[in-house]
>>> print(open('start.txt').read())   # compact mmCIF, C-alpha atoms
# COMPACT_ATOMS: atom_id res chain seq x y z
CA MET O 1 -38.79 38.09 15.62
CA LYS O 2 -38.13 36.29 18.84
CA ILE O 3 -35.73 33.34 18.61
CA SER O 4 -36.67 30.45 20.89
CA LYS O 5 -33.97 28.92 23.04
CA ILE O 6 -32.73 25.46 22.25
CA SER O 7 -33.09 22.98 25.13
CA TRP O 8 -30.07 21.06 26.38
CA GLN O 9 -31.74 17.82 25.28
CA GLU O 10 -31.92 19.17 21.75
CA ARG O 11 -28.28 20.26 21.90
CA LEU O 12 -27.20 16.78 23.00
CA ALA O 13 -29.32 15.24 20.26
CA ARG O 14 -27.68 17.46 17.64
CA ILE O 15 -24.25 16.35 18.90
CA PHE O 16 -25.07 12.65 19.07
CA TYR O 17 -26.95 12.60 15.76
CA PHE O 18 -24.16 14.47 14.01
CA PHE O 19 -23.73 12.84 10.58
CA PRO O 20 -19.93 12.19 10.79
CA LEU O 21 -20.34 10.58 14.21
CA GLN O 22 -23.25 8.42 13.09
CA LEU O 23 -21.31 7.25 10.02
CA LEU O 24 -18.38 6.25 12.21
CA LEU O 25 -20.67 4.37 14.60
CA LEU O 26 -22.39 2.64 11.68
CA GLN O 27 -19.07 1.38 10.32
CA PHE O 28 -18.11 -0.11 13.67
CA LYS O 29 -21.57 -1.68 13.95
CA SER O 30 -22.21 -3.00 10.45
CA ASN O 31 -19.18 -2.31 8.23
CA TRP O 32 -16.26 -3.26 10.46
CA PHE O 33 -14.46 -4.69 7.44
CA LEU O 34 -13.93 -1.11 6.20
CA ILE O 35 -12.15 -0.39 9.48
CA VAL O 36 -9.92 -3.43 8.86
CA PHE O 37 -8.79 -1.92 5.56
CA TRP O 38 -7.64 1.20 7.43
CA ALA O 39 -5.98 -0.84 10.18
CA ILE O 40 -3.37 -2.21 7.73
CA PRO O 41 -1.80 1.16 6.72
CA TRP O 42 -2.10 2.35 10.33
CA LEU O 43 -0.06 -0.63 11.56
CA VAL O 44 2.56 -0.05 8.86
CA VAL O 45 2.90 3.70 9.45
CA THR O 46 3.18 3.26 13.24
CA GLU O 47 5.91 0.64 12.55
CA SER O 48 3.88 -1.98 14.39
CA PHE O 49 3.88 -4.30 11.37
CA GLY O 50 6.78 -5.38 9.17
CA SER O 51 9.39 -3.08 10.71
CA THR O 52 11.92 -5.95 10.78
CA TYR O 53 11.64 -6.23 7.00
CA GLY O 54 11.61 -2.49 6.34
CA ILE O 55 7.95 -2.40 5.23
CA PRO O 56 7.20 0.99 6.90
CA THR O 57 10.00 2.51 4.82
CA THR O 58 8.00 1.84 1.64
CA ILE O 59 5.42 4.41 2.81
CA LEU O 60 7.51 6.73 4.97
CA PHE O 61 10.40 6.99 2.46
CA PRO O 62 9.05 5.90 -0.98
CA GLU O 63 11.45 5.39 -3.88
CA TYR O 64 10.72 5.83 -7.59
CA LEU O 65 13.34 5.10 -10.27
CA SER O 66 16.06 4.96 -7.60
CA LYS O 67 15.15 8.39 -6.22
CA VAL O 68 13.27 9.58 -3.15
CA ASP O 69 11.90 12.98 -4.07
CA PHE O 70 8.81 15.04 -4.78
CA VAL O 71 7.76 12.76 -7.66
CA SER O 72 7.96 9.54 -5.65
CA HIS O 73 5.83 11.09 -2.90
CA PHE O 74 3.37 12.46 -5.46
CA ILE O 75 2.84 8.95 -6.88
CA LEU O 76 2.39 7.54 -3.38
CA GLY O 77 -0.11 10.30 -2.54
CA PHE O 78 -1.99 9.74 -5.81
CA SER O 79 -2.46 6.04 -5.01
CA LEU O 80 -3.45 6.94 -1.44
CA GLY O 81 -6.08 9.28 -2.89
CA GLY O 82 -7.44 6.34 -4.89
CA PHE O 83 -7.67 4.25 -1.73
CA ILE O 84 -9.48 7.06 0.11
CA MET O 85 -12.01 7.47 -2.70
CA ALA O 86 -12.52 3.70 -2.82
CA TYR O 87 -13.28 3.82 0.89
CA HIS O 88 -15.84 6.62 0.40
CA ILE O 89 -17.49 4.88 -2.55
CA SER O 90 -17.72 1.55 -0.74
CA SER O 91 -19.20 3.25 2.32
CA TYR O 92 -21.65 5.25 0.18
CA ILE O 93 -22.87 2.20 -1.72
CA SER O 94 -23.26 0.19 1.50
CA ASN O 95 -24.81 2.88 3.70
CA GLY O 96 -26.18 5.67 1.51
CA TYR O 97 -29.75 4.36 1.49
CA LYS O 98 -29.81 4.42 5.31
CA PHE O 99 -29.62 8.22 5.22
CA PRO O 100 -32.29 9.34 2.72
CA PHE O 101 -31.89 12.97 3.77
CA ILE O 102 -28.73 13.23 1.61
CA ALA O 103 -30.95 12.99 -1.49
CA THR O 104 -32.42 16.36 -0.50
CA LEU O 105 -28.98 18.03 -0.51
CA SER O 106 -27.12 19.59 -3.38
CA ARG O 107 -24.13 17.47 -4.46
CA PRO O 108 -25.14 14.42 -2.38
CA PHE O 109 -21.98 12.34 -2.81
CA TYR O 110 -19.74 15.31 -2.04
CA LYS O 111 -21.66 15.97 1.19
CA TYR O 112 -21.51 12.28 2.11
CA THR O 113 -17.75 12.17 1.47
CA LEU O 114 -17.20 15.33 3.49
CA ASN O 115 -19.01 13.84 6.48
CA ASN O 116 -17.30 10.47 6.02
CA SER O 117 -13.77 11.93 6.15
CA ILE O 118 -12.91 11.60 9.84
CA THR O 119 -10.82 8.44 9.39
CA PRO O 120 -8.95 9.58 6.21
CA LEU O 121 -8.17 13.03 7.62
CA VAL O 122 -6.81 11.67 10.89
CA PHE O 123 -4.67 9.21 8.92
CA LEU O 124 -3.34 11.92 6.59
CA VAL O 125 -2.33 14.15 9.50
CA PHE O 126 -0.64 11.30 11.32
CA LEU O 127 1.07 10.10 8.13
CA GLY O 128 2.49 13.59 7.59
CA TYR O 129 3.88 13.70 11.11
CA LYS O 130 5.43 10.22 10.90
CA THR O 131 6.88 10.87 7.43
CA PHE O 132 8.52 14.13 8.49
CA HIS O 133 9.92 12.61 11.70
CA PHE O 134 11.17 9.47 9.92
CA GLN O 135 12.90 11.35 7.11
CA VAL O 136 14.53 14.00 9.28
CA PHE O 137 15.61 11.88 12.25
CA ARG O 138 16.05 8.44 10.65
CA GLU O 139 17.00 9.12 7.04
CA LEU O 140 18.84 12.33 8.06
CA ILE O 141 17.61 14.48 5.19
CA SER O 142 17.10 18.21 5.59
CA GLU O 143 13.84 19.62 6.92
CA LYS O 144 13.41 21.52 3.65
CA ASP O 145 13.57 18.30 1.61
CA ALA O 146 11.21 16.55 4.02
CA ILE O 147 8.67 19.37 3.67
CA THR O 148 9.01 19.24 -0.13
CA ASN O 149 8.33 15.50 -0.03
CA LEU O 150 5.27 16.06 2.14
CA LEU O 151 3.96 18.63 -0.33
CA GLY O 152 4.30 16.02 -3.08
CA LEU O 153 2.46 13.45 -0.96
CA TYR O 154 -0.48 15.72 -0.15
CA LEU O 155 -0.63 17.20 -3.65
CA GLY O 156 -0.83 13.75 -5.24
CA CYS O 157 -3.58 12.73 -2.83
CA PHE O 158 -5.67 15.83 -3.38
CA VAL O 159 -5.20 15.77 -7.17
CA PHE O 160 -6.82 12.33 -7.31
CA ILE O 161 -9.61 13.39 -4.95
CA ILE O 162 -10.28 16.58 -6.97
CA ILE O 163 -10.45 14.57 -10.24
CA SER O 164 -12.85 12.15 -8.60
CA MET O 165 -15.02 14.91 -7.21
CA ALA O 166 -15.15 16.61 -10.60
CA TYR O 167 -16.69 13.42 -11.99
CA PHE O 168 -19.25 13.07 -9.23
CA LEU O 169 -20.21 16.75 -9.17
CA GLY O 170 -20.93 16.50 -12.89
CA THR O 171 -23.01 13.32 -12.71
CA ASN O 172 -24.76 13.20 -9.32
CA LYS O 173 -28.38 14.17 -9.11
CA ASN O 174 -30.16 15.96 -6.31
CA ILE O 175 -33.71 16.92 -5.46
CA GLN O 176 -33.58 20.07 -7.59
CA LYS O 177 -32.31 18.33 -10.74
CA THR O 178 -34.47 15.22 -10.68
CA LYS O 179 -37.90 14.57 -12.09
CA ILE O 180 -39.68 11.29 -11.52
CA ALA O 181 -39.06 9.29 -14.65
CA LYS O 182 -40.96 6.24 -15.82
CA GLU O 183 -37.96 4.60 -17.46
CA GLU O 184 -35.52 2.52 -15.41
CA ALA O 185 -32.00 3.74 -14.69
CA ILE O 186 -29.04 2.05 -16.37
CA VAL O 187 -28.12 -1.37 -15.04
CA ASP O 188 -25.42 -1.50 -12.41
CA LEU O 189 -22.59 -3.76 -13.58
CA LEU O 190 -21.04 -4.54 -10.20
CA HIS O 191 -23.84 -4.51 -7.66
CA LYS O 192 -27.08 -6.31 -7.07
CA GLU O 193 -30.26 -4.53 -8.12
CA LYS O 194 -32.11 -3.33 -5.01
CA ASN O 195 -35.63 -2.23 -4.35
CA TRP O 196 -34.70 1.13 -2.91
CA SER O 197 -38.24 1.77 -1.70
CA ASP O 198 -37.82 -1.17 0.65
CA GLU O 199 -34.28 -0.18 1.58
CA ILE O 200 -35.16 3.40 2.56
CA ILE O 201 -36.78 2.76 5.92
CA ARG O 202 -37.39 5.89 7.90
CA THR O 203 -36.65 4.83 11.44
CA GLN O 204 -35.06 6.58 14.36
CA SER O 205 -32.08 4.16 14.33
CA TRP O 206 -29.89 6.30 12.09
CA ARG O 207 -31.67 9.62 12.16
CA ILE O 208 -29.55 12.69 11.55
CA LYS O 209 -29.96 16.06 13.22
CA THR O 210 -26.91 17.91 11.91
CA TYR O 211 -24.29 17.47 9.19
CA LEU O 212 -21.27 19.23 7.69
CA GLY O 213 -22.25 21.45 4.79
CA ASP O 214 -20.34 23.80 2.53
CA PHE O 215 -17.23 25.44 3.98
CA LEU O 216 -17.42 22.99 6.91
CA LYS O 217 -20.45 24.73 8.38
CA ILE O 218 -22.69 22.64 10.61
CA ARG O 219 -26.26 22.63 9.26
CA LEU O 220 -29.57 21.14 10.36
CA ALA O 221 -30.62 18.07 8.39
CA ASN O 222 -33.89 17.87 6.50
CA SER O 223 -35.61 14.57 7.18
CA GLY O 224 -37.04 14.50 3.66
CA GLU O 225 -40.30 12.94 4.85
CA HIS O 226 -42.38 15.35 2.75
CA TYR O 227 -40.70 14.13 -0.47
CA ASP O 228 -42.08 11.27 -2.50
CA ASP O 229 -40.35 7.92 -1.94
CA ASN O 230 -39.99 7.35 -5.68
CA LEU O 231 -38.18 10.66 -6.03
CA LEU O 232 -35.70 9.80 -3.27
CA LYS O 233 -35.31 6.32 -4.73
CA SER O 234 -34.45 7.70 -8.16
CA ILE O 235 -31.82 10.09 -6.77
CA ILE O 236 -30.06 7.56 -4.53
CA LYS O 237 -30.14 4.89 -7.23
CA GLN O 238 -28.58 7.18 -9.84
CA ASN O 239 -25.86 8.33 -7.45
CA HIS O 240 -25.26 4.69 -6.54
CA ILE O 241 -24.77 3.79 -10.21
CA ASN O 242 -22.38 6.70 -10.78
CA ALA O 243 -20.29 5.51 -7.83
CA SER O 244 -20.29 1.97 -9.25
CA LEU O 245 -19.07 3.16 -12.67
CA PHE O 246 -16.25 5.07 -11.02
CA GLU O 247 -15.47 1.98 -8.96
CA PHE O 248 -15.28 -0.09 -12.15
CA ALA O 249 -12.89 2.46 -13.68
CA LEU O 250 -10.59 2.17 -10.65
CA ILE O 251 -10.45 -1.61 -11.03
CA ILE O 252 -9.57 -1.31 -14.75
CA THR O 253 -6.81 1.19 -13.89
CA VAL O 254 -5.23 -1.20 -11.37
CA ILE O 255 -5.34 -4.04 -13.90
CA LEU O 256 -3.72 -1.88 -16.62
CA LEU O 257 -0.91 -0.90 -14.26
CA GLY O 258 -0.25 -4.60 -13.72
CA ILE O 259 -0.23 -5.34 -17.46
CA PHE O 260 2.31 -2.60 -18.24
CA GLY O 261 4.34 -3.29 -15.10
CA GLU O 262 7.41 -4.30 -17.15
CA ASN O 263 7.86 -0.70 -18.32
CA SER O 264 10.25 1.22 -16.07
CA LEU O 265 7.86 4.18 -15.91
CA PHE O 266 5.38 1.94 -14.10
CA PHE O 267 7.91 0.84 -11.46
CA ILE O 268 5.89 2.80 -8.93
CA PRO O 269 6.91 2.92 -5.25
CA ALA O 270 6.18 -0.24 -3.27
CA GLY O 271 3.96 1.73 -0.91
CA ALA O 272 1.88 2.95 -3.87
CA SER O 273 1.51 -0.65 -5.08
CA ALA O 274 0.30 -1.64 -1.61
CA PHE O 275 -2.38 1.07 -1.66
CA LEU O 276 -3.44 -0.06 -5.16
CA ILE O 277 -3.81 -3.63 -3.95
CA LEU O 278 -5.87 -2.46 -0.96
CA THR O 279 -8.00 -0.39 -3.34
CA LEU O 280 -8.62 -3.37 -5.61
CA ILE O 281 -9.56 -5.63 -2.69
CA LEU O 282 -11.84 -2.92 -1.29
CA MET O 283 -13.62 -2.59 -4.63
CA ILE O 284 -14.10 -6.35 -4.83
CA TYR O 285 -15.35 -6.35 -1.25
CA SER O 286 -17.84 -3.60 -2.06
CA ALA O 287 -19.22 -5.57 -5.02
CA LEU O 288 -19.43 -8.81 -3.04
CA ARG O 289 -21.14 -7.12 -0.12
CA SER O 290 -23.86 -5.84 -2.40
CA TRP O 291 -24.70 -9.44 -3.28
CA LEU O 292 -23.78 -11.42 -0.16
CA ASN O 293 -24.33 -8.95 2.71
CA LEU O 294 -23.05 -10.42 5.99
CA TRP O 295 -21.47 -13.42 4.23
CA THR O 296 -19.00 -11.13 2.45
CA PRO O 297 -16.00 -11.36 4.88
CA LEU O 298 -16.13 -15.18 4.88
CA VAL O 299 -16.46 -15.39 1.08
CA LEU O 300 -13.61 -12.88 0.62
CA ILE O 301 -11.31 -14.90 2.88
CA LEU O 302 -12.21 -18.11 1.00
CA LEU O 303 -11.59 -16.28 -2.29
CA ILE O 304 -8.09 -15.23 -1.16
CA PHE O 305 -7.22 -18.80 -0.17
CA GLY O 306 -8.70 -20.08 -3.44
CA VAL O 307 -6.59 -17.70 -5.55
CA ASN O 308 -3.51 -18.73 -3.56
CA THR O 309 -4.27 -22.39 -4.29
CA LEU O 310 -4.84 -21.80 -8.01
CA SER O 311 -1.57 -19.86 -8.26
CA LYS O 312 0.29 -23.15 -7.72
CA TYR O 313 -0.82 -24.40 -11.13
CA GLN O 314 1.07 -23.47 -14.28
CA PHE O 315 -2.02 -22.08 -16.05
CA PHE O 316 -2.40 -19.33 -13.43
CA ASN O 317 1.31 -18.49 -13.18
CA TYR O 318 2.90 -15.51 -14.88
CA SER O 319 6.22 -16.53 -16.46
CA ASN O 320 9.09 -14.16 -15.74
CA GLN O 321 12.01 -14.20 -18.17
CA ALA O 322 15.60 -13.70 -17.11
CA TYR O 323 17.51 -11.20 -19.19
CA GLY O 324 20.29 -12.74 -21.25
CA MET O 325 18.75 -16.20 -21.64
CA GLU O 326 17.65 -17.58 -24.98
CA TYR O 327 13.92 -18.39 -25.02
CA ASP O 328 13.38 -18.77 -28.77
CA SER O 329 15.50 -21.89 -29.16
CA THR O 330 14.54 -25.40 -28.04
CA LYS O 331 14.36 -25.70 -24.27
CA ALA O 332 16.84 -27.98 -22.58
CA PRO O 333 15.09 -31.16 -21.43
CA TYR O 334 14.66 -31.43 -17.67
CA ASN O 335 14.20 -35.09 -16.80
CA THR O 336 15.91 -37.98 -15.07
CA GLN O 337 17.85 -39.09 -18.14
CA THR O 338 19.34 -35.62 -18.69
CA LEU O 339 20.36 -35.31 -15.04
CA LYS O 340 22.03 -38.74 -15.09
CA ALA O 341 23.94 -37.79 -18.23
CA HIS O 342 25.30 -34.67 -16.55
CA ILE O 343 26.17 -36.60 -13.39
CA SER O 344 28.15 -39.17 -15.34
CA ASN O 345 30.08 -36.42 -17.15
CA THR O 346 32.76 -35.42 -14.64
CA ARG O 347 34.70 -33.13 -16.95
CA GLN O 348 32.84 -30.00 -15.84
CA TYR O 349 33.40 -30.85 -12.18
CA GLU O 350 37.10 -31.38 -12.82
CA ASN O 351 37.32 -28.02 -14.57
CA ASP O 352 35.57 -26.33 -11.65
CA ILE O 353 37.99 -27.92 -9.19
CA LEU O 354 41.02 -26.81 -11.22
CA GLN O 355 39.62 -23.28 -11.46
CA GLN O 356 39.02 -23.09 -7.71
CA GLU O 357 42.50 -24.43 -6.96
CA HIS O 358 43.92 -21.69 -9.19
CA VAL O 359 41.93 -19.07 -7.24
CA LEU O 360 43.18 -20.46 -3.92
CA ASP O 361 46.77 -20.43 -5.11
CA LYS O 362 46.50 -16.76 -6.03
CA TRP O 363 44.88 -16.02 -2.66
CA LYS O 364 47.71 -17.85 -0.85
CA GLN O 365 50.34 -15.82 -2.68
CA LYS O 366 48.50 -12.62 -1.80
CA VAL O 367 48.06 -13.14 1.95
CA SER O 368 51.19 -15.20 2.79
CA SER O 369 54.67 -13.69 2.78
CA ASN O 370 56.37 -17.09 3.16
CA ASN O 371 55.62 -20.68 2.29
CA GLN O 372 53.53 -21.27 5.40
CA LYS O 373 49.86 -22.05 4.88
CA PRO O 374 47.70 -19.05 5.85
CA LYS O 375 44.54 -19.48 7.87
CA LEU O 376 41.52 -19.77 5.56
CA VAL O 377 38.44 -17.92 6.86
CA LEU O 378 34.95 -18.53 5.45
CA VAL O 379 32.15 -16.21 6.63
CA ASN O 380 28.50 -17.26 6.59
CA CYS O 381 25.96 -14.55 7.55
CA SER O 382 22.47 -15.30 8.78
CA GLY O 383 19.39 -13.44 7.58
CA GLY O 384 17.05 -11.38 9.71
CA GLY O 385 16.61 -7.89 8.32
CA LEU O 386 18.01 -4.83 10.07
CA ARG O 387 18.87 -6.71 13.25
CA SER O 388 21.03 -9.22 11.38
CA ALA O 389 22.63 -6.43 9.31
CA ALA O 390 23.64 -4.47 12.41
CA TRP O 391 24.90 -7.60 14.20
CA THR O 392 26.96 -8.75 11.17
CA PHE O 393 28.60 -5.35 10.62
CA ASN O 394 29.46 -4.97 14.31
CA THR O 395 30.87 -8.52 14.53
CA LEU O 396 33.08 -8.17 11.46
CA SER O 397 34.44 -4.81 12.58
CA TYR O 398 35.09 -6.14 16.09
CA LEU O 399 36.95 -9.24 14.84
CA ASP O 400 39.07 -7.11 12.54
CA SER O 401 39.93 -4.70 15.34
CA LEU O 402 41.03 -7.58 17.61
CA THR O 403 43.33 -9.01 14.95
CA GLN O 404 44.73 -5.64 13.83
CA GLY O 405 43.19 -6.11 10.39
CA ASP O 406 44.42 -9.68 9.81
CA PHE O 407 40.96 -11.24 10.10
CA PHE O 408 39.40 -9.75 7.00
CA LYS O 409 42.65 -10.18 5.09
CA ASN O 410 42.28 -13.95 5.50
CA VAL O 411 38.61 -14.07 4.48
CA HIS O 412 38.34 -16.01 1.25
CA LEU O 413 34.57 -16.39 0.86
CA ILE O 414 31.45 -14.69 2.26
CA SER O 415 28.01 -16.26 1.92
CA GLY O 416 24.67 -15.67 3.57
CA SER O 417 21.24 -14.19 3.02
CA SER O 418 19.03 -11.18 3.56
CA GLY O 419 20.26 -8.46 5.93
CA GLY O 420 23.40 -10.36 6.90
CA ILE O 421 24.84 -10.64 3.41
CA LEU O 422 23.90 -7.03 2.60
CA SER O 423 25.79 -5.82 5.67
CA ALA O 424 28.79 -8.03 4.87
CA SER O 425 28.82 -6.69 1.29
CA TYR O 426 28.79 -3.16 2.63
CA TYR O 427 31.66 -3.94 4.99
CA ARG O 428 33.62 -5.56 2.15
CA GLU O 429 33.17 -2.40 0.05
CA LEU O 430 34.47 -0.25 2.92
CA TYR O 431 37.50 -2.55 3.18
CA ARG O 432 38.14 -2.28 -0.57
CA LYS O 433 37.90 1.53 -0.54
CA GLN O 434 40.28 1.80 2.39
CA LYS O 435 42.85 -0.46 0.70
CA LYS O 436 42.66 1.71 -2.43
CA LYS O 437 42.69 4.88 -0.29
CA ILE O 438 39.29 5.98 -1.58
CA LYS O 439 37.52 8.57 0.56
CA ILE O 440 34.96 7.01 2.89
CA LEU O 441 32.02 9.14 3.96
CA ILE O 442 31.62 7.58 7.42
CA LEU O 443 33.90 7.81 10.42
CA MET O 444 36.27 4.87 10.53
CA ARG O 445 38.45 5.86 13.50
CA ASP O 446 37.10 2.99 15.62
CA LEU O 447 37.38 0.36 12.87
CA LYS O 448 40.91 -0.88 12.32
CA ILE O 449 40.46 -2.48 8.94
>>> encode(input="start.txt", output="structure tokens")
Amino acid sequence: MKISKISWQERLARIFYFFPLQLLLLQFKSNWFLIVFWAIPWLVVTESFGSTYGIPTTILFPEYLSKVDFVSHFILGFSLGGFIMAYHISSYISNGYKFPFIATLSRPFYKYTLNNSITPLVFLVFLGYKTFHFQVFRELISEKDAITNLLGLYLGCFVFIIISMAYFLGTNKNIQKTKIAKEEAIVDLLHKEKNWSDEIIRTQSWRIKTYLGDFLKIRLANSGEHYDDNLLKSIIKQNHINASLFEFALIITVILLGIFGENSLFFIPAGASAFLILTLILMIYSALRSWLNLWTPLVLILLIFGVNTLSKYQFFNYSNQAYGMEYDSTKAPYNTQTLKAHISNTRQYENDILQQEHVLDKWKQKVSSNNQKPKLVLVNCSGGGLRSAAWTFNTLSYLDSLTQGDFFKNVHLISGSSGGILSASYYRELYRKQKKKIKILILMRDLKI
């Protein structure tokens, strides 16, 4: 049998109408909001957003129960897997009907996800590189530990994806499993009912020539024009409903994690919480888009501002309780009369003054070898994240070196906020350990404290 040669025009068409490429182009054209959801973790991982406040560390060096290990990375990867599946589901629900040929394939949602994985795969590869580089060269852990952490990250991600795929492979219909039924499919809880016969418009706008099949083999796409429209409608609609039910389950899971958030086991890494929030917003966006179409971004923005406004009212606030306080007894009245009564009672103020004078007397006896008044030094540190922390530590060490250790000896009080006070606390602990001759794990030869 003689095989005819493929023209160069046909080769170019097969490249341009490659399913993964067409899906990417479609998202930039009609679903740019999905790209925005990916832009947020990209900015964080590249340390282009929130680096001053240490936000990239929550993803590149996640902590769980005060440990950074395989488990913490597994939890982060598991939540990342949820975000990736939410992205695939949202894309499938929004765009699946534009590619009716997928109804002719076995395991339609799996094939769609496989061809829609360019963005997630690129992100996973880049995240692995940044995580390894950050942990080895910034956190100074061993390469072996960094690789172990990466294994936890990828394993958690793929475990969630495998669980998700097991659900879809067991529920999705294809052309071989479907018979045209007279009864209607189950009602979709999250998305607007659509007339899929009207939605499936066979035009050349989003035609597909080739797609990724099993084992990443490139296959020729079947247009599906010889199949009955009702048959294709039934398949796509059922797959759409299955995706919606899974979407609903993800939303319930996020809500349950919030309800049981007081349990220490649910103190998941901050990066994992961020991915869960993005997943929840993406699910809400997917549901809104089904009803509102192009109005969705505007309505979502208004919804965010509306929730922020409602959070100012007591009814929408979640009350946090401080450990050690009594909440069962009658609450102390907070009003003008109570405040005036406390102001007129000067006994507590007098006791505070006497207590502080006693503290100062002890400090004077400690730092002064004679009756002369020592110089009283009060340190106030500004906030500002890592920059302020580095500046504060360097300034304190430099002042102490100039005074041969007398500066910090005369410090009576340190106050401040954020990175500044953290750095000053660290410096104070180094000073205490040196005075007590406790081994310090950093080189102190240049700091004369």
>>> residues_around(input="start.txt", residues="segment 154-165 of chain O", least_positions_apart="6", cutoff="9 Å", atoms="all atoms listed in the file", output="PyMOL selection string")
chain O and resi 71+73-82+84-85+109-110+124+128+246
>>> residues_near_point(input="start.txt", point="(28.5, -15.3, -1.6)", cutoff="10 Å", atoms="all atoms listed in the file", output="list of chain:residue names")
O:Val379, O:Asn380, O:Cys381, O:Leu413, O:Ile414, O:Ser415, O:Gly416, O:Ser417, O:Ile421, O:Ala424, O:Ser425
>>> atom_distance(input="start.txt", atom1="atom CA of Thr58 of chain O", atom2="atom CA of Ile268 of chain O")
10.8 Å
>>> closest_residue(input="start.txt", among="O:Tyr129, O:Phe137, O:Phe315, O:Phe248", to="Thr279 of chain O", atoms="all atoms listed in the file")
O:Phe248
>>> atom_distance(input="start.txt", atom1="atom CA of Asn115 of chain O", atom2="atom CA of Asp214 of chain O")
10.8 Å
>>> decode(input="start.txt", residues="segment 417-433 of chain O", atoms="C-alpha atoms", output="PDB file, in the first residue's frame")
ATOM      1  CA  SER O 417       7.910  46.209  65.562  1.00  0.00           C
ATOM      2  CA  SER O 418       8.183  43.631  62.807  1.00  0.00           C
ATOM      3  CA  GLY O 419      11.655  42.767  61.512  1.00  0.00           C
ATOM      4  CA  GLY O 420      13.405  45.334  63.694  1.00  0.00           C
ATOM      5  CA  ILE O 421      12.218  43.953  67.019  1.00  0.00           C
ATOM      6  CA  LEU O 422      12.838  40.362  65.889  1.00  0.00           C
ATOM      7  CA  SER O 423      16.436  41.216  65.028  1.00  0.00           C
ATOM      8  CA  ALA O 424      16.925  43.099  68.306  1.00  0.00           C
ATOM      9  CA  SER O 425      15.518  40.116  70.231  1.00  0.00           C
ATOM     10  CA  TYR O 426      17.939  37.838  68.438  1.00  0.00           C
ATOM     11  CA  TYR O 427      20.843  40.151  69.263  1.00  0.00           C
ATOM     12  CA  ARG O 428      19.738  40.317  72.902  1.00  0.00           C
ATOM     13  CA  GLU O 429      19.727  36.503  73.065  1.00  0.00           C
ATOM     14  CA  LEU O 430      23.264  36.378  71.651  1.00  0.00           C
ATOM     15  CA  TYR O 431      24.346  38.892  74.300  1.00  0.00           C
ATOM     16  CA  ARG O 432      22.739  36.805  77.064  1.00  0.00           C
ATOM     17  CA  LYS O 433      24.394  33.588  75.869  1.00  0.00           C
TER      18      LYS O 433
END
